[in-house]
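**Q** Input structure: run07.txt, which contains compact mmCIF, C-alpha atoms.
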# COMPACT_ATOMS: atom_id res chain seq x y z
CA MET A 13 0.00 0.00 0.00
CA GLN A 14 1.08 3.54 -0.71
CA TYR A 15 0.23 6.52 1.50
CA THR A 16 -0.12 10.25 0.98
CA ASN A 17 -0.92 13.38 2.96
CA LEU A 18 -4.55 14.41 2.75
CA GLY A 19 -4.17 17.83 1.16
CA ALA A 20 -2.73 20.41 3.54
CA SER A 21 -3.61 18.35 6.62
CA ALA A 22 -1.32 16.22 8.78
CA LEU A 23 -3.40 13.13 8.01
CA ARG A 24 -1.42 10.35 6.34
CA VAL A 25 -3.89 8.19 4.41
CA SER A 26 -3.77 5.08 2.26
CA ARG A 27 -4.19 5.70 -1.47
CA VAL A 28 -7.41 3.66 -1.25
CA CYS A 29 -10.23 4.78 1.04
CA LEU A 30 -12.75 2.09 1.94
CA GLY A 31 -16.24 3.44 1.34
CA CYS A 32 -18.75 2.06 3.83
CA MET A 33 -22.02 2.99 2.12
CA GLY A 34 -22.60 -0.71 1.43
CA PHE A 35 -22.55 -1.62 5.12
CA GLY A 36 -25.56 -1.46 7.43
CA GLU A 37 -29.11 -2.57 8.01
CA ALA A 38 -31.00 -1.96 4.78
CA LYS A 39 -34.49 -0.57 4.96
CA ARG A 40 -37.14 -2.70 3.31
CA GLY A 41 -37.12 -2.12 -0.45
CA GLN A 42 -33.93 -0.05 -0.38
CA HIS A 43 -30.31 -1.02 -1.11
CA SER A 44 -30.82 -4.78 -0.99
CA TRP A 45 -27.11 -5.12 -1.80
CA THR A 46 -26.01 -3.75 1.59
CA LEU A 47 -24.11 -6.13 3.86
CA ASP A 48 -24.91 -7.34 7.35
CA GLU A 49 -22.48 -6.76 10.17
CA ALA A 50 -20.64 -10.08 9.91
CA SER A 51 -19.94 -9.59 6.20
CA SER A 52 -19.00 -5.94 6.71
CA ARG A 53 -16.49 -6.90 9.38
CA GLN A 54 -14.80 -9.39 7.04
CA ILE A 55 -14.23 -6.66 4.46
CA ILE A 56 -13.06 -4.07 7.00
CA ARG A 57 -10.62 -6.59 8.46
CA ARG A 58 -9.32 -7.52 5.00
CA ALA A 59 -8.81 -3.84 4.18
CA LEU A 60 -6.84 -3.28 7.38
CA GLU A 61 -4.68 -6.34 6.69
CA ALA A 62 -3.93 -4.95 3.22
CA GLY A 63 -2.76 -1.62 4.64
CA VAL A 64 -5.91 0.47 4.18
CA ASN A 65 -6.13 3.00 7.01
CA PHE A 66 -8.72 5.41 5.54
CA PHE A 67 -12.45 4.72 6.03
CA ASP A 68 -15.42 6.80 4.88
CA THR A 69 -18.99 6.55 6.14
CA ALA A 70 -21.95 8.87 6.84
CA ILE A 71 -24.69 9.24 9.40
CA VAL A 72 -27.29 8.86 6.63
CA TYR A 73 -25.98 5.47 5.50
CA GLN A 74 -28.58 2.93 6.60
CA GLY A 75 -29.82 5.05 9.46
CA GLY A 76 -26.43 5.29 11.13
CA THR A 77 -25.81 1.53 11.20
CA SER A 78 -22.93 1.89 8.74
CA GLU A 79 -21.17 4.06 11.32
CA GLN A 80 -21.98 1.54 14.03
CA TYR A 81 -20.61 -1.43 12.06
CA LEU A 82 -17.43 0.47 11.19
CA GLY A 83 -16.86 1.69 14.73
CA ARG A 84 -17.23 -1.75 16.27
CA ALA A 85 -14.98 -3.38 13.66
CA LEU A 86 -12.22 -0.80 14.10
CA ARG A 87 -12.32 -1.16 17.87
CA ASP A 88 -11.83 -4.92 17.47
CA PHE A 89 -9.27 -4.96 14.66
CA ALA A 90 -7.21 -1.74 14.88
CA ARG A 91 -5.80 0.88 17.20
CA ARG A 92 -7.66 4.18 16.97
CA GLU A 93 -4.46 6.13 16.33
CA ASP A 94 -3.64 3.94 13.32
CA VAL A 95 -6.79 4.70 11.30
CA VAL A 96 -8.27 7.78 9.64
CA VAL A 97 -12.05 7.89 10.00
CA ALA A 98 -14.25 10.20 7.95
CA THR A 99 -17.99 10.64 8.29
CA LYS A 100 -20.49 13.03 6.75
CA PHE A 101 -23.54 15.02 7.83
CA PRO A 102 -26.52 16.23 5.74
CA PRO A 103 -28.04 19.72 5.61
CA ARG A 104 -30.85 20.66 7.97
CA THR A 105 -34.19 19.05 7.21
CA ALA A 106 -37.25 21.11 6.33
CA GLN A 107 -38.64 20.22 9.75
CA GLU A 108 -35.51 21.53 11.49
CA ILE A 109 -35.64 24.76 9.52
CA ALA A 110 -39.32 25.23 10.31
CA GLY A 111 -38.59 24.49 13.96
CA GLY A 112 -35.90 27.14 14.18
CA VAL A 113 -32.96 24.75 14.62
CA SER A 114 -29.84 26.71 13.69
CA ALA A 115 -27.09 25.36 11.47
CA ARG A 116 -24.69 25.44 14.43
CA GLU A 117 -27.09 23.40 16.54
CA HIS A 118 -27.72 20.96 13.68
CA ILE A 119 -24.00 20.37 13.12
CA SER A 120 -23.44 19.90 16.85
CA ARG A 121 -26.25 17.34 17.03
CA MET A 122 -24.97 15.51 13.96
CA ILE A 123 -21.37 15.16 15.16
CA ASP A 124 -22.50 13.97 18.58
CA ALA A 125 -24.79 11.36 17.02
CA SER A 126 -22.02 10.16 14.69
CA LEU A 127 -19.52 9.87 17.52
CA GLN A 128 -22.04 7.86 19.51
CA ASN A 129 -22.61 5.55 16.53
CA LEU A 130 -18.88 5.13 15.96
CA GLY A 131 -18.06 4.77 19.64
CA MET A 132 -15.30 7.37 19.28
CA ASP A 133 -14.45 10.68 20.90
CA HIS A 134 -13.46 12.29 17.59
CA VAL A 135 -13.33 11.74 13.84
CA ASP A 136 -10.33 12.64 11.74
CA LEU A 137 -12.32 14.18 8.90
CA TYR A 138 -15.85 15.62 9.20
CA ILE A 139 -17.47 16.11 5.81
CA TYR A 140 -20.23 18.53 4.81
CA HIS A 141 -22.25 16.07 2.70
CA MET A 142 -23.95 18.48 0.32
CA TRP A 143 -24.38 22.23 -0.05
CA ASP A 144 -27.14 23.76 2.06
CA TYR A 145 -28.72 26.48 -0.05
CA ALA A 146 -31.11 27.39 2.79
CA THR A 147 -28.38 28.39 5.24
CA PRO A 148 -25.89 31.27 5.21
CA LEU A 149 -22.37 29.99 4.54
CA TYR A 150 -21.03 31.81 7.61
CA GLU A 151 -23.23 29.71 9.88
CA ILE A 152 -22.01 26.46 8.31
CA MET A 153 -18.34 27.39 8.53
CA ASP A 154 -18.73 28.70 12.08
CA GLY A 155 -20.51 25.49 13.11
CA LEU A 156 -17.78 23.33 11.58
CA ASP A 157 -15.05 25.43 13.15
CA ARG A 158 -16.65 24.88 16.56
CA VAL A 159 -16.54 21.12 15.97
CA VAL A 160 -12.82 21.33 15.22
CA ARG A 161 -12.11 23.62 18.18
CA SER A 162 -14.00 21.26 20.48
CA GLY A 163 -11.71 18.40 19.45
CA LYS A 164 -14.54 16.34 17.99
CA ALA A 165 -13.00 16.50 14.49
CA ARG A 166 -9.42 17.07 13.46
CA TYR A 167 -10.18 18.45 9.98
CA ILE A 168 -13.16 19.20 7.75
CA GLY A 169 -13.97 18.22 4.19
CA ILE A 170 -16.80 18.81 1.75
CA SER A 171 -18.72 16.66 -0.72
CA ASN A 172 -20.95 17.34 -3.73
CA CYS A 173 -20.19 20.98 -4.38
CA PHE A 174 -19.11 23.21 -7.23
CA ALA A 175 -15.60 24.61 -7.42
CA TYR A 176 -16.81 28.17 -6.84
CA GLN A 177 -18.56 27.04 -3.65
CA LEU A 178 -15.42 25.39 -2.27
CA ALA A 179 -13.33 28.44 -3.14
CA LYS A 180 -15.89 30.77 -1.56
CA ALA A 181 -16.09 28.68 1.63
CA ASN A 182 -12.34 28.50 2.12
CA ALA A 183 -11.94 32.22 1.42
CA LEU A 184 -14.50 32.95 4.13
CA ALA A 185 -12.75 30.54 6.50
CA GLU A 186 -9.42 32.23 5.91
CA LYS A 187 -10.93 35.68 6.47
CA GLU A 188 -12.64 34.66 9.72
CA GLY A 189 -9.94 32.35 11.07
CA PHE A 190 -12.14 29.28 10.74
CA ALA A 191 -11.02 25.75 9.85
CA LYS A 192 -10.72 25.31 6.08
CA PHE A 193 -11.78 22.38 3.94
CA VAL A 194 -8.80 20.10 3.30
CA SER A 195 -10.56 17.65 0.97
CA VAL A 196 -13.42 17.36 -1.48
CA GLN A 197 -15.40 14.23 -2.26
CA GLY A 198 -17.05 14.55 -5.65
CA HIS A 199 -18.41 12.35 -8.42
CA TYR A 200 -15.39 11.47 -10.60
CA ASN A 201 -14.37 8.45 -12.63
CA LEU A 202 -13.31 7.49 -16.14
CA ILE A 203 -16.83 7.90 -17.55
CA PHE A 204 -17.71 11.02 -15.55
CA ARG A 205 -14.92 13.59 -15.69
CA GLU A 206 -16.69 16.90 -15.20
CA GLU A 207 -14.57 17.58 -12.09
CA GLU A 208 -11.65 18.21 -14.46
CA ARG A 209 -13.22 21.45 -15.72
CA GLU A 210 -12.63 23.54 -12.58
CA MET A 211 -12.53 21.48 -9.39
CA ALA A 212 -9.33 19.57 -10.18
CA ARG A 213 -7.50 22.79 -11.04
CA LEU A 214 -8.64 24.50 -7.85
CA CYS A 215 -7.52 21.52 -5.77
CA ARG A 216 -4.08 21.43 -7.38
CA GLU A 217 -3.52 25.13 -6.79
CA ASP A 218 -4.81 25.16 -3.19
CA ASN A 219 -3.52 21.75 -2.06
CA ILE A 220 -6.98 20.31 -1.43
CA ALA A 221 -7.18 16.52 -1.62
CA MET A 222 -9.62 14.93 -4.05
CA THR A 223 -11.22 11.76 -2.65
CA PRO A 224 -13.89 10.98 -5.25
CA TYR A 225 -16.76 8.56 -4.85
CA SER A 226 -18.29 6.38 -7.58
CA ALA A 227 -14.75 5.42 -8.59
CA LEU A 228 -16.06 2.49 -10.65
CA ALA A 229 -19.27 4.20 -11.79
CA GLY A 230 -21.50 1.97 -9.72
CA GLY A 231 -19.72 -1.12 -11.03
CA ARG A 232 -19.94 -0.20 -14.71
CA LEU A 233 -16.17 0.12 -15.08
CA SER A 234 -15.59 -3.33 -13.59
CA LYS A 235 -18.07 -5.23 -15.78
CA ARG A 236 -17.59 -6.36 -19.36
CA PRO A 237 -20.32 -5.57 -21.90
CA GLY A 238 -23.29 -7.80 -21.11
CA GLU A 239 -22.19 -8.59 -17.55
CA THR A 240 -24.37 -7.40 -14.71
CA SER A 241 -24.74 -7.54 -10.94
CA ARG A 242 -27.52 -7.19 -8.42
CA ARG A 243 -26.49 -3.61 -7.73
CA LEU A 244 -26.47 -2.69 -11.42
CA GLU A 245 -29.93 -4.18 -11.79
CA GLU A 246 -31.49 -2.83 -8.61
CA ASP A 247 -29.77 0.49 -7.86
CA ALA A 248 -32.16 3.00 -9.40
CA TYR A 249 -30.03 5.91 -8.21
CA ALA A 250 -26.95 4.65 -10.07
CA ARG A 251 -29.05 4.10 -13.19
CA PHE A 252 -30.29 7.67 -12.87
CA LYS A 253 -26.70 8.89 -12.89
CA TYR A 254 -25.42 6.85 -15.83
CA ASP A 255 -28.16 5.50 -18.08
CA ALA A 256 -28.54 8.74 -20.05
CA THR A 257 -24.97 8.42 -21.36
CA ALA A 258 -24.73 4.62 -21.55
CA ARG A 259 -24.18 4.58 -25.32
CA GLN A 260 -21.35 7.12 -25.23
CA ASP A 261 -19.74 5.50 -22.18
CA ALA A 262 -19.81 2.01 -23.68
CA GLU A 263 -16.76 2.65 -25.87
CA ILE A 264 -14.69 3.70 -22.87
CA ILE A 265 -15.79 0.58 -20.99
CA ARG A 266 -14.80 -1.57 -23.97
CA ARG A 267 -11.37 0.06 -24.00
CA VAL A 268 -10.97 -0.64 -20.29
CA ALA A 269 -11.78 -4.31 -20.95
CA ARG A 270 -9.33 -4.55 -23.86
CA LEU A 271 -6.51 -2.93 -21.89
CA ALA A 272 -7.23 -5.21 -18.92
CA ASP A 273 -6.84 -8.22 -21.22
CA ALA A 274 -3.64 -6.85 -22.71
CA ARG A 275 -2.13 -6.17 -19.28
CA GLY A 276 -3.43 -9.39 -17.71
CA VAL A 277 -5.30 -7.55 -14.94
CA SER A 278 -8.91 -6.84 -14.03
CA MET A 279 -11.02 -3.97 -15.32
CA THR A 280 -11.21 -2.69 -11.75
CA GLU A 281 -7.44 -2.35 -11.65
CA ILE A 282 -7.33 -0.42 -14.93
CA ALA A 283 -10.15 1.98 -13.98
CA LEU A 284 -8.72 2.66 -10.53
CA ALA A 285 -5.14 2.97 -11.79
CA TRP A 286 -6.33 5.70 -14.16
CA LEU A 287 -8.11 7.53 -11.33
CA LEU A 288 -5.18 7.17 -8.94
CA GLN A 289 -3.09 9.20 -11.39
CA LYS A 290 -5.53 12.08 -10.88
CA VAL A 291 -6.50 12.11 -7.18
CA ALA A 292 -5.21 11.50 -3.66
CA ALA A 293 -7.41 8.58 -2.62
CA PRO A 294 -10.59 7.40 -4.33
CA VAL A 295 -13.38 6.09 -2.13
CA VAL A 296 -13.88 2.48 -3.17
CA GLY A 297 -16.82 0.39 -2.03
CA ALA A 298 -16.60 -3.35 -1.54
CA THR A 299 -19.17 -6.09 -1.05
CA LYS A 300 -16.68 -8.97 -1.20
CA PRO A 301 -13.14 -9.34 0.20
CA ALA A 302 -11.91 -9.87 -3.38
CA HIS A 303 -12.97 -6.32 -4.22
CA ILE A 304 -10.40 -5.08 -1.70
CA ASP A 305 -7.68 -7.12 -3.38
CA GLY A 306 -8.40 -5.58 -6.79
CA ALA A 307 -8.30 -2.06 -5.39
CA ILE A 308 -5.00 -2.74 -3.64
CA ARG A 309 -3.39 -4.09 -6.82
CA ALA A 310 -4.48 -0.95 -8.68
CA VAL A 311 -2.27 1.17 -6.43
CA GLU A 312 0.80 -0.59 -7.81
CA LEU A 313 -0.34 -0.47 -11.44
CA SER A 314 1.02 2.35 -13.61
CA LEU A 315 -0.58 3.21 -16.93
CA THR A 316 1.51 4.73 -19.68
CA GLY A 317 0.60 8.12 -21.05
CA GLU A 318 -0.54 6.50 -24.29
CA GLU A 319 -2.75 4.00 -22.45
CA ALA A 320 -4.38 6.79 -20.44
CA ARG A 321 -4.98 8.88 -23.56
CA LYS A 322 -6.67 5.97 -25.33
CA LEU A 323 -9.00 5.45 -22.39
CA GLU A 324 -9.85 9.15 -22.25
CA ALA A 325 -10.26 9.82 -25.99
CA PRO A 326 -13.94 8.79 -26.43
CA TYR A 327 -15.17 10.93 -23.54
CA VAL A 328 -17.93 13.43 -24.24
CA PRO A 329 -19.22 16.14 -21.87
CA HIS A 330 -21.83 14.87 -19.43
CA ARG A 331 -24.77 16.76 -18.02
CA LEU A 332 -24.84 17.28 -14.28
CA VAL A 333 -26.65 14.36 -12.68
CA GLY A 334 -27.12 12.77 -9.31
CA VAL A 335 -26.76 14.46 -5.94
CA MET A 336 -25.44 17.75 -7.29
CA ALA A 337 -28.29 18.19 -9.78
CA GLN A 338 -30.88 17.26 -7.18
CA ASN A 339 -29.42 19.64 -4.63
CA VAL A 340 -29.41 22.75 -6.85
CA PRO A 341 -32.51 24.87 -6.15
CA ALA A 342 -35.14 24.37 -8.84
CA GLU A 343 -35.09 27.99 -9.92
CA ALA A 344 -31.34 27.78 -10.60
CA ARG A 345 -31.14 24.44 -12.42
CA GLU A 346 -31.64 25.82 -15.91
CA THR A 347 -28.52 27.98 -15.57
CA GLU A 348 -26.24 25.28 -14.13
CA PRO A 349 -23.94 23.35 -16.51
How does the structure come out when it is put into structure tokens?
**A**
Amino acid sequence: MQYTNLGASALRVSRVCLGCMGFGEAKRGQHSWTLDEASSRQIIRRALEAGVNFFDTAIVYQGGTSEQYLGRALRDFARREDVVVATKFPPRTAQEIAGGVSAREHISRMIDASLQNLGMDHVDLYIYHMWDYATPLYEIMDGLDRVVRSGKARYIGISNCFAYQLAKANALAEKEGFAKFVSVQGHYNLIFREEEREMARLCREDNIAMTPYSALAGGRLSKRPGETSRRLEEDAYARFKYDATARQDAEIIRRVARLADARGVSMTEIALAWLLQKVAAPVVGATKPAHIDGAIRAVELSLTGEEARKLEAPYVPHRLVGVMAQNVPAEARETEP
């Protein structure tokens, strides 16, 4: 395993981050591919044995049970000081807003609930899950700074935002003396590269770590044409993100498969090796221990410049989809890219 600093922070993280969205008690009719605690523990233990020290979860994953599974496994299999734990919190609900719950109070409640779920006294990285258009930015940054000053989080990160929003937030933090975002977790992979337009450049210039999710495009970049999986068949949200561009993306996926054959490796290794050339540590989900092994091998795989260019060549611009599109206020959506 290779390790890197997480942006401008003092956190030393593995180049693979284990995403824990697939762990937890699934609600009826939702995410039938999520794993029970025994299966989740097997994967977490395998990741630790392979040198993974970076774990990402969220309070909204399976009602907080993802955090609970992760916390119990890490207590049993690792020393707290040897792992980097990230969790995320959502914006205020409509009910909280109507009830007069402030952003500061919401953030305080969320971090306390996450720490209780995890069984920890702090997290290493506390991530603002998606932009809250109903709340002044000052209140969000002040609330997050209080979490850091209290010792409940060492650093803060952000997910699902535009580059201008990240730049604006960190400029405000610098002006006010607040904690700044050290990482961004966005939607980025070989068949969705819109982060390269502005976000990647901002992160390079300001030393902000990119830790993208959907590294394998919901499994699309690990499956040969015609192959499927339960998640591909049942995950309506992933289909919403990718089905509109399936025809254009198919050529890239075919090229991944051909290069995997030529190099004698898996498609997972090719897709992740490409992404690892671009970012600090992709968030990689796993539902089987073998998925961990493929991600680990990708860290040691180097693509040539010509191989990378061939994979990238068929790419066409993609419309904004998924969490970011859903989270933009309706009146602003027509003007967003």
**Q** Mind pulling up the distance from atom CA of A:Leu287 to atom CA of A:Val95?
**A** 22.8 Å
**Q** Find the residues around A:Pro294 up to 10 Å (only C-alpha atoms counted), leave out those fewer than 6 positions away in its own chain, and share them as a PyMOL selection string.
**A** chain A and resi 26-31+197-198+200-201+222-228+284+287-288+307
**Q** Neighbouring residues of A:Lys164 were defined as those with any atom within 7 Å, considering only C-alpha atoms; residues of the same chain fewer than 2 positions away were excluded. Please report them as an MDAnalysis selection string.
**A** chainID A and resid 133:135 159:160 162 166
**Q** What's around stretch 99-107 of chain A at 6 Å? Count all atoms listed in the file, leave out sequence neighbours fewer than 5 positions away in its own chain, and write the answer as a list in words.
**A**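 Near neighbours after the sequence-gap exclusion: Asp68, Thr69, Ala70, Tyr138, Ile139, Tyr140, His141 and Asp144 of chain A.
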**Q** Counting all atoms listed in the file, which residue out of A:Ala98, A:Lys39, A:Ala183, A:Val25 sits closest to A:Ala165?
**A**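 Under the stated criterion, the closest residue is A:Ala98.
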**Q** Find, counting only C-alpha atoms, the residue in A:Leu184, A:Ile308, A:Ala50, A:Leu323 that gets nearest to A:Val64.
**A** A:Ile308
**Q** Tell me, as a PyMOL selection string, which residues lie within 8 Å of A:Arg58, counting all atoms listed in the file; anything in the same chain fewer than 3 positions away does not count.
**A** chain A and resi 54-55+61-62+301+304
